[in-house]
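Here's upload37.pdb, which has PDB, C-alpha atoms:
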ATOM      1  CA  MET A   1      25.946 -12.214  -1.721
ATOM      2  CA  ALA A   2      23.546 -12.503  -4.673
ATOM      3  CA  ALA A   3      24.020 -16.259  -4.906
ATOM      4  CA  ARG A   4      23.647 -16.736  -1.146
ATOM      5  CA  LEU A   5      20.447 -14.670  -1.054
ATOM      6  CA  GLU A   6      19.222 -16.067  -4.397
ATOM      7  CA  LEU A   7      18.854 -12.586  -5.894
ATOM      8  CA  ASP A   8      18.635 -11.780  -9.571
ATOM      9  CA  VAL A   9      21.420  -9.512 -10.825
ATOM     10  CA  PHE A  10      21.227  -7.644 -14.110
ATOM     11  CA  VAL A  11      24.398  -6.358 -15.764
ATOM     12  CA  VAL A  12      23.273  -3.794 -18.339
ATOM     13  CA  SER A  13      25.544  -2.668 -21.177
ATOM     14  CA  ASN A  14      25.160  -0.893 -24.500
ATOM     15  CA  GLY A  15      27.992  -2.995 -25.904
ATOM     16  CA  SER A  16      30.484  -0.129 -26.187
ATOM     17  CA  ARG A  17      32.218  -1.403 -23.059
ATOM     18  CA  PRO A  18      31.403  -5.100 -22.881
ATOM     19  CA  ILE A  19      31.031  -6.511 -19.402
ATOM     20  CA  ARG A  20      31.435 -10.215 -18.814
ATOM     21  CA  PRO A  21      29.360 -11.290 -15.827
ATOM     22  CA  PRO A  22      30.253 -14.478 -13.981
ATOM     23  CA  GLY A  23      28.663 -17.622 -15.359
ATOM     24  CA  THR A  24      26.096 -18.016 -12.601
ATOM     25  CA  SER A  25      22.411 -18.541 -13.307
ATOM     26  CA  ASN A  26      21.179 -15.571 -11.258
ATOM     27  CA  VAL A  27      23.397 -13.056 -13.127
ATOM     28  CA  ARG A  28      21.946 -11.972 -16.447
ATOM     29  CA  MET A  29      23.521  -9.823 -19.128
ATOM     30  CA  VAL A  30      21.214  -7.269 -20.736
ATOM     31  CA  LEU A  31      22.571  -5.840 -23.972
ATOM     32  CA  VAL A  32      20.727  -2.690 -25.049
ATOM     33  CA  GLY A  33      21.022  -0.353 -28.042
ATOM     34  CA  GLU A  34      24.224   1.544 -28.708
ATOM     35  CA  SER A  35      22.992   5.045 -27.854
ATOM     36  CA  ALA A  36      24.832   6.765 -25.029
ATOM     37  CA  ASP A  37      21.943   6.534 -22.537
ATOM     38  CA  ALA A  38      20.418   3.218 -23.612
ATOM     39  CA  ALA A  39      21.699   1.314 -20.563
ATOM     40  CA  ASP A  40      20.608   4.092 -18.189
ATOM     41  CA  ASP A  41      17.185   4.216 -19.853
ATOM     42  CA  TRP A  42      16.730   0.437 -19.491
ATOM     43  CA  ILE A  43      17.730   0.533 -15.821
ATOM     44  CA  ALA A  44      15.503   3.526 -15.012
ATOM     45  CA  GLU A  45      12.570   1.875 -16.787
ATOM     46  CA  HIS A  46      12.929  -1.481 -15.000
ATOM     47  CA  ILE A  47      14.061  -0.510 -11.493
ATOM     48  CA  SER A  48      11.659  -0.442  -8.541
ATOM     49  CA  ALA A  49      11.614   0.394  -4.849
ATOM     50  CA  ALA A  50      12.600  -3.207  -4.090
ATOM     51  CA  ASP A  51      15.807  -2.947  -6.142
ATOM     52  CA  VAL A  52      19.393  -1.794  -5.677
ATOM     53  CA  CYS A  53      21.421  -0.043  -8.360
ATOM     54  CA  VAL A  54      25.213   0.028  -8.198
ATOM     55  CA  THR A  55      26.520   2.938 -10.236
ATOM     56  CA  SER A  56      29.002   5.786 -10.260
ATOM     57  CA  ASP A  57      26.785   7.645 -12.761
ATOM     58  CA  ILE A  58      25.169  10.483 -10.813
ATOM     59  CA  PRO A  59      22.331  11.227 -13.266
ATOM     60  CA  LEU A  60      21.440   7.511 -13.316
ATOM     61  CA  ALA A  61      21.530   7.454  -9.513
ATOM     62  CA  SER A  62      19.092  10.381  -9.489
ATOM     63  CA  ARG A  63      16.730   8.618 -11.886
ATOM     64  CA  CYS A  64      16.785   5.451  -9.748
ATOM     65  CA  LEU A  65      16.130   7.419  -6.579
ATOM     66  CA  LYS A  66      13.043   8.936  -8.216
ATOM     67  CA  LYS A  67      11.761   5.354  -8.538
ATOM     68  CA  ARG A  68      12.526   4.877  -4.787
ATOM     69  CA  ALA A  69      15.289   2.322  -5.456
ATOM     70  CA  ARG A  70      18.398   2.138  -3.290
ATOM     71  CA  VAL A  71      21.570   3.372  -4.974
ATOM     72  CA  VAL A  72      25.165   2.638  -3.966
ATOM     73  CA  SER A  73      28.364   3.818  -5.626
ATOM     74  CA  PRO A  74      31.356   1.499  -6.149
ATOM     75  CA  THR A  75      33.106   3.430  -3.350
ATOM     76  CA  GLY A  76      30.303   2.652  -0.886
ATOM     77  CA  LYS A  77      28.463   5.960  -0.965
ATOM     78  CA  HIS A  78      24.722   5.690  -0.401
ATOM     79  CA  TRP A  79      22.973   8.054  -2.781
ATOM     80  CA  THR A  80      19.816   9.501  -1.247
ATOM     81  CA  PRO A  81      17.298  12.191  -2.159
ATOM     82  CA  ALA A  82      19.065  14.367   0.449
ATOM     83  CA  ASN A  83      22.536  14.197  -1.143
ATOM     84  CA  ILE A  84      21.947  13.655  -4.866
ATOM     85  CA  GLY A  85      21.159  17.313  -5.600
ATOM     86  CA  ASN A  86      24.593  18.504  -4.482
ATOM     87  CA  ALA A  87      26.245  15.734  -6.483
ATOM     88  CA  LEU A  88      24.311  16.712  -9.620
ATOM     89  CA  ALA A  89      25.292  20.366  -9.108
ATOM     90  CA  GLY A  90      28.950  19.448  -8.611
ATOM     91  CA  ARG A  91      28.879  17.327 -11.754
ATOM     92  CA  GLU A  92      27.438  20.243 -13.720
ATOM     93  CA  ILE A  93      30.103  22.628 -12.396
ATOM     94  CA  ALA A  94      32.862  20.185 -13.376
ATOM     95  CA  ARG A  95      31.334  19.832 -16.863
ATOM     96  CA  HIS A  96      31.268  23.615 -17.244
ATOM     97  CA  LEU A  97      34.893  23.924 -16.081
ATOM     98  CA  ARG A  98      35.945  21.299 -18.637
ATOM     99  CA  GLU A  99      34.168  23.275 -21.363
ATOM    100  CA  LEU A 100      36.212  26.310 -20.288
ATOM    101  CA  GLY A 101      39.392  24.278 -20.701
ATOM    102  CA  ALA A 102      40.093  23.439 -17.067
ATOM    103  CA  ASN A 103      41.669  20.069 -16.392
ATOM    104  CA  THR A 104      39.356  18.289 -13.941
ATOM    105  CA  ARG A 105      40.431  15.076 -12.320
ATOM    106  CA  GLY A 106      38.676  11.808 -12.903
ATOM    107  CA  PRO A 107      37.773   9.471 -10.080
ATOM    108  CA  ALA A 108      40.543   8.208  -7.828
ATOM    109  CA  PRO A 109      41.456   4.517  -8.122
ATOM    110  CA  LEU A 110      39.460   2.229  -5.848
ATOM    111  CA  THR A 111      41.180   1.312  -2.604
ATOM    112  CA  LYS A 112      40.727  -1.647  -0.264
ATOM    113  CA  ARG A 113      38.885   0.723   2.072
ATOM    114  CA  ASP A 114      36.527   1.674  -0.786
ATOM    115  CA  THR A 115      35.839  -2.002  -1.427
ATOM    116  CA  SER A 116      35.119  -2.619   2.247
ATOM    117  CA  ARG A 117      32.829   0.415   2.408
ATOM    118  CA  PHE A 118      31.086  -0.729  -0.780
ATOM    119  CA  LEU A 119      30.418  -4.235   0.538
ATOM    120  CA  SER A 120      28.969  -2.823   3.750
ATOM    121  CA  ALA A 121      26.818  -0.277   1.886
ATOM    122  CA  LEU A 122      25.635  -2.923  -0.556
ATOM    123  CA  ASP A 123      24.639  -5.264   2.265
ATOM    124  CA  THR A 124      22.681  -2.463   3.964
ATOM    125  CA  ALA A 125      20.938  -1.537   0.701
ATOM    126  CA  VAL A 126      20.108  -5.152  -0.171
ATOM    127  CA  GLN A 127      18.637  -5.807   3.271
ATOM    128  CA  ALA A 128      16.467  -2.665   2.969
ATOM    129  CA  ALA A 129      15.354  -3.708  -0.523
ATOM    130  CA  LEU A 130      14.465  -7.199   0.741
ATOM    131  CA  ARG A 131      12.339  -5.639   3.497
ATOM    132  CA  GLU A 132      10.638  -3.468   0.852
ATOM    133  CA  ALA A 133       9.982  -6.504  -1.348
ATOM    134  CA  ALA A 134       8.464  -8.391   1.604
ATOM    135  CA  ARG A 135       6.050  -5.481   2.214
ATOM    136  CA  SER A 136       4.965  -5.393  -1.435
TER     137      SER A 136
END

Could you spell out this file's structure in structure tokens?
Amino acid sequence: MAARLELDVFVVSNGSRPIRPPGTSNVRMVLVGESADAADDWIAEHISAADVCVTSDIPLASRCLKKRARVVSPTGKHWTPANIGNALAGREIARHLRELGANTRGPAPLTKRDTSRFLSALDTAVQAALREAARS
């Protein structure tokens, strides 16, 4: 989609989990400092209302929404100002339960349905971001 629409894609990593983007000219790797939130900080600093962020990180999604960007999870969930608060609260409850020794589950493996939902959500978000960019 990015190549077809000639969109710039930034893959941001702090190097602790290297990501190898495809060797296409519109996909750029941004390597930031090694601190835990360095990648999130770079994204939140550079994102705008005409951008789309793909992330499963709920606090990062919240930060991007505050900049009016569109945010989509890898499972195809659209994060919005209306639903991010509950997700942040749920994340905090799970963190607290882990501190108490409870065994909380991690995310389920991605399914074909998740991938299909993601591609649809991404297309919707990209089209909205393109409309926003045209207005700016």

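Applied to the shown file, the PyMOL selection byres ((chain A and resi 56-63) around 9) selects the residues Asp40, Asp41, Ile43, Ala44, Cys53, Val54, Thr55, Cys64, Leu65, Lys66, Lys67, Arg70, Val71, Val72, Ser73, Pro74, Thr75, Trp79, Thr80, Pro81, Ile84, Gly85, Ala87, Leu88 and Arg91 of chain A.
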
Name every residue that the PyMOL selection byres ((chain A and resi 25-27) around 6) selects in this structure, writing the answer as number ranges by chain with chains first and numbers rising. A: 8-10, 24, 28

Which of these residues is nearest to Ala133 of chain A, using only C-alpha atoms: A:Ala39, A:Ala50, A:Val32, A:Val12? A:Ala50

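Note that the spacing between atom CA of Ala36 of chain A and atom CA of Asn14 of chain A amounts to 7.7 Å.
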
Pick from A:Asp114, A:Glu34, A:Asp51, A:Glu132: nearest to Leu7 of chain A, with all atoms listed in the file counted? A:Asp51
